[in-house]
There are 4 protein chains.
Amino acid sequence: MSPKPPATPRKQPKQERSQVTVEAILSATAHILTENGYNQLTTNRVAERAGVSIGSLYQYFPNKEALIFALAEQHANEMVQLAKQHLEGLSDRTIPEVLRQIIKAALAAHAVNPKLHRVLHEQIPHSEVMKRLDQAKIENLLQSFLAQRSDQLRPKNLELAVFMVERTIRALIYGAMIDHPELLKTGELEQELTLMLSAYLVKS
Amino acid sequence: MSPKPPATPRKQPKQERSQVTVEAILSATAHILTENGYNQLTTNRVAERAGVSIGSLYQYFPNKEALIFALAEQHANEMVQLAKQHLEGLSDRTIPEVLRQIIKAALAAHAVNPKLHRVLHEQIPHSEVMKRLDQAKIENLLQSFLAQRSDQLRPKNLELAVFMVERTIRALIYGAMIDHPELLKTGELEQELTLMLSAYLVKS
Amino acid sequence: MSPKPPATPRKQPKQERSQVTVEAILSATAHILTENGYNQLTTNRVAERAGVSIGSLYQYFPNKEALIFALAEQHANEMVQLAKQHLEGLSDRTIPEVLRQIIKAALAAHAVNPKLHRVLHEQIPHSEVMKRLDQAKIENLLQSFLAQRSDQLRPKNLELAVFMVERTIRALIYGAMIDHPELLKTGELEQELTLMLSAYLVKS
Amino acid sequence: MSPKPPATPRKQPKQERSQVTVEAILSATAHILTENGYNQLTTNRVAERAGVSIGSLYQYFPNKEALIFALAEQHANEMVQLAKQHLEGLSDRTIPEVLRQIIKAALAAHAVNPKLHRVLHEQIPHSEVMKRLDQAKIENLLQSFLAQRSDQLRPKNLELAVFMVERTIRALIYGAMIDHPELLKTGELEQELTLMLSAYLVKS
DNA sequence: AATGAATGAGGCTTCATTCAT
DNA sequence: AATGAATGAAGCCTCATTCAT
């Protein structure tokens, strides 16, 4: 049906010249996506904005989908990398402290490129594919954090708890970004989220 | 290039005898969407499956977007209607009781046509429009329910609380539908959600 | 690998209007093929010459290959039809007489549209496909003619004889058309072919 | 649009040390042609398989056509060379003996690389050029053989006889290769061809 | 001489939409 | 009101060929 043939891998940029080309293409993709939307994203337009011939684009990306996939991956990596910076030295903290830190990390991650993040989630057809990208990785982190403190944990089902927490954090941060940006600036969201999830997780 | 013509359905499909035709078209749209995905949704194909000429389709829907818009609206209405059935006679209940009932209502609503729901959320190039559809309406309900019990409420900011609760319910139900359907069958999700949100809302 | 997906059957022209369109398209295809060659045969060019939009072309022909296939079939049918006209009332003739008549029939058939015939055989990639078209049919005719006179026949293996005769006739007529057209006008080819094949077939 | 540049290989590939490169390229061309077909034959792919940069390919072959032309020529030369080995010491033989030997020679020649032979004939957009390749050369041989025995010859027109014989041999061997390979193994084709052409050529 | 990144004309095809009947 | 043939802008992508290094 839909998820195209695994996107024939193309030439990996080896020379530095081609690395520049690839960067320009991804950058142009992001720009058009955020400024003009998915409808306007055509391979020719990307190439044009990247200052590259359409042929070059297809040397590195087998099709339009691959373009978006690569961009999403890059974005996800940036998010994860930033998040990790916020998650160091948490070994001996309590659950509320850890939670707050994780929420802070998620907030930071979502601040990487909000416009792009939104477009990627709202306008891309096979969003299922890419949601996995930024998911899983954080779920694992969360899982191990909570597992280490299972004695303080109220929910017996660890996996379920991870699901609840992870989705809630993501949904509320994303929702706030779109509809209530003021909650981000004032720190209210961070506060409420911490409260809500702490109350949920910790034995009363 | 040229910014599309206003696109939003100017004229609601006439509600006369031709109602049958309109139904057939929307039904065909839903079928193709759920079975074949947005990529395969072409106006000609819709018309063919609806057993209607392409010309007739355009008599009732000014363009493709209007087709999807109407379908989304229909779907949202069905969801809201079903939800309301679950929300009667709650005037003298406590917050946890109300919450559980609201969650049950939301679960029922999401069970209306999960496949369609998913496709509508994942594959449609969100034209800003459709999210509003199933949102707002429930938020109002929630707002009034909580306002009536503001004395039992821990969060001072009512609007913020509504936001938190509404998004959390939606995100977790949707997430469970996609990734953990077992949580819906066992009632675990309902239980955990009630716990989490009660703990958040009620004064300790 | 090559032989494309069975060329999704498209709309069969039902109204007379569309019949005209299909004719125009095939005619344009033949014209471009004979005058400009296969290299110049592009779907857009065909549509343009046919005075038809490219969209219309694709309503009746799923791809470029189908265009050529249809044209070849049409051509083959014309050839067979003409050949049959030359092959009536041969029931009580001797082998040489029958042979000469068959050769005459083949000559007539090849005179239908020699230019097109040549292009179809020389320039079309998957010529194997279409050679079958004008073959088989004649082989059957030949087979039955010879079977009826098996007592006068020298070769014991009938199928082999049919193969020898059919291919020889085709090759020489085609070869003469391309390289020695004078042999066709003077009747020399007909004469020599009859001699050669009679000598081969008839018991000495 | 603009009629191609002269296209025929201006410079024969230098016959020095770079002979190895040229061989690799032609070999790769043949391999792709026989295994994947003309559709898959791209200059980049040839270069890759030859283990040579695309730039190098164009150093030895001015364009794609030249590549095929050279390959066809090579193939034709191999065929002719092999045929000649079968045609020595025939000076004092009778026509049937000579004929059989010529047929044997042709059979041997066609066995050189049947797959390539077929592809070259079926899938290459005959640019008029290549047919001549394997033709002419044999016709001359045949012409001289028959001229030496013109007293035993029935047909008065020598050139016509050569045409008849040469085309018949070629068509039947090729046809058998494609559609009746068993005739080649059993020797039946050789036998029948000798019979048919002897009967045609020799005074009764 | 070799490399391989880059080019870009142009081919094939789709599909939302129009309009003559 | 309905039909469905026709439209054509525009998208995706290939591949022979060039050229800077």
# chains A, B, ... in the order shown; residues from 1 in each chain; ligands from 1
call {"tool": "interface_residues", "arguments": {"of": "chain D", "to": "chain F", "cutoff": "9 Å", "atoms": "only C-alpha atoms (C1' of nucleotides)", "output": "ChimeraX atom specification"}}
result
/D:42-44,58,63-64
call {"tool": "interface_residues", "arguments": {"of": "chain B", "to": "chain A", "cutoff": "8 Å", "atoms": "only C-alpha atoms", "output": "PyMOL selection string"}}
result
chain B and resi 36-39+122-126+164+167-168+171-172+175+195-197+199-200
call {"tool": "write_last_selection", "arguments": {"atoms": "C-alpha atoms", "output": "PDB file, in the first residue's frame"}}
result
ATOM      1  CA  ASN B  36      -6.527   2.670   1.285  1.00  0.00           C
ATOM      2  CA  GLY B  37      -5.250   5.786   2.956  1.00  0.00           C
ATOM      3  CA  TYR B  38      -5.086   9.412   2.001  1.00  0.00           C
ATOM      4  CA  ASN B  39      -2.718   8.807  -0.872  1.00  0.00           C
ATOM      5  CA  GLU B 122      -2.266  10.923  10.910  1.00  0.00           C
ATOM      6  CA  GLN B 123      -2.597  11.339   7.214  1.00  0.00           C
ATOM      7  CA  ILE B 124      -4.549  14.469   6.562  1.00  0.00           C
ATOM      8  CA  PRO B 125      -2.491  17.573   5.874  1.00  0.00           C
ATOM      9  CA  HIS B 126      -3.968  19.364   8.871  1.00  0.00           C
ATOM     10  CA  MET B 164      -4.253  19.762  31.316  1.00  0.00           C
ATOM     11  CA  ARG B 167      -5.221  17.078  26.505  1.00  0.00           C
ATOM     12  CA  THR B 168      -4.133  14.308  28.771  1.00  0.00           C
ATOM     13  CA  ALA B 171      -3.479  11.945  24.204  1.00  0.00           C
ATOM     14  CA  LEU B 172      -3.610   8.828  26.282  1.00  0.00           C
ATOM     15  CA  GLY B 175      -1.958   6.701  22.190  1.00  0.00           C
ATOM     16  CA  LEU B 195      -6.273   8.084  39.338  1.00  0.00           C
ATOM     17  CA  MET B 196      -3.837  10.448  37.739  1.00  0.00           C
ATOM     18  CA  LEU B 197      -6.273  13.223  37.040  1.00  0.00           C
ATOM     19  CA  ALA B 199      -4.823  13.197  42.177  1.00  0.00           C
ATOM     20  CA  TYR B 200      -4.046  16.237  40.127  1.00  0.00           C
TER      21      TYR B 200
END
call {"tool": "atom_distance", "arguments": {"atom1": "atom CA of A:Ala30", "atom2": "atom CA of A:Ala109"}}
result
17.2 Å
call {"tool": "residues_around", "arguments": {"residues": "E:DA2", "least_positions_apart": "5", "cutoff": "8 Å", "atoms": "only C-alpha atoms (C1' of nucleotides)", "output": "PyMOL selection string"}}
result
chain D and resi 53+55-56
call {"tool": "interface_residues", "arguments": {"of": "chain E", "to": "chain D", "cutoff": "12 Å", "atoms": "only C-alpha atoms (C1' of nucleotides)", "output": "ChimeraX atom specification"}}
result
/E:1-5,9-10
call {"tool": "write_last_selection", "arguments": {"atoms": "C-alpha atoms (C1' of nucleotides)", "output": "PDB file, in the first residue's frame"}}
result
ATOM      1  C1'  DA E   1      44.377  10.490 -17.147  1.00  0.00           C
ATOM      2  C1'  DA E   2      41.032   9.731 -13.730  1.00  0.00           C
ATOM      3  C1'  DT E   3      37.487  10.898 -10.690  1.00  0.00           C
ATOM      4  C1'  DG E   4      32.767  11.566  -9.376  1.00  0.00           C
ATOM      5  C1'  DA E   5      29.938  15.456  -8.168  1.00  0.00           C
ATOM      6  C1'  DA E   9      16.385  19.026 -20.240  1.00  0.00           C
ATOM      7  C1'  DG E  10      12.705  16.605 -20.630  1.00  0.00           C
TER       8       DG E  10
END
call {"tool": "residues_around", "arguments": {"residues": "B:Leu82", "least_positions_apart": "2", "cutoff": "12 Å", "atoms": "only C-alpha atoms (C1' of nucleotides)", "output": "list in words"}}
result
His75, Ala76, Asn77, Glu78, Met79, Val80, Lys84, Gln85, His86, Leu87, Glu88, Ile102, Lys104, Ala105, Ala106, Leu107, Ala108, Ala109, His110, Ala111, Val112, Asn113 and Ile138 of chain B
call {"tool": "atom_distance", "arguments": {"atom1": "atom CA of B:Ala50", "atom2": "atom CA of B:Ala24"}}
result
5.2 Å
call {"tool": "closest_residue", "arguments": {"among": "B:Leu133, B:Leu71, B:Leu41, B:Leu99", "to": "B:Phe145", "atoms": "only C-alpha atoms"}}
result
B:Leu99
call {"tool": "closest_residue", "arguments": {"among": "D:Val202, D:Leu33, D:Leu67, D:Ala47", "to": "D:Asp151", "atoms": "only C-alpha atoms"}}
result
D:Val202
call {"tool": "select_by_dssp", "arguments": {"residues": "chain D", "states": "alpha helix (DSSP H)", "output": "number ranges by chain"}}
result
D: 19-36, 43-50, 54-60, 64-85, 95-110, 114-122, 129-134, 137-148, 158-179, 181-186, 188-201
call {"tool": "atom_distance", "arguments": {"atom1": "atom CA of D:Ala66", "atom2": "atom CA of D:Val22"}}
result
12.0 Å
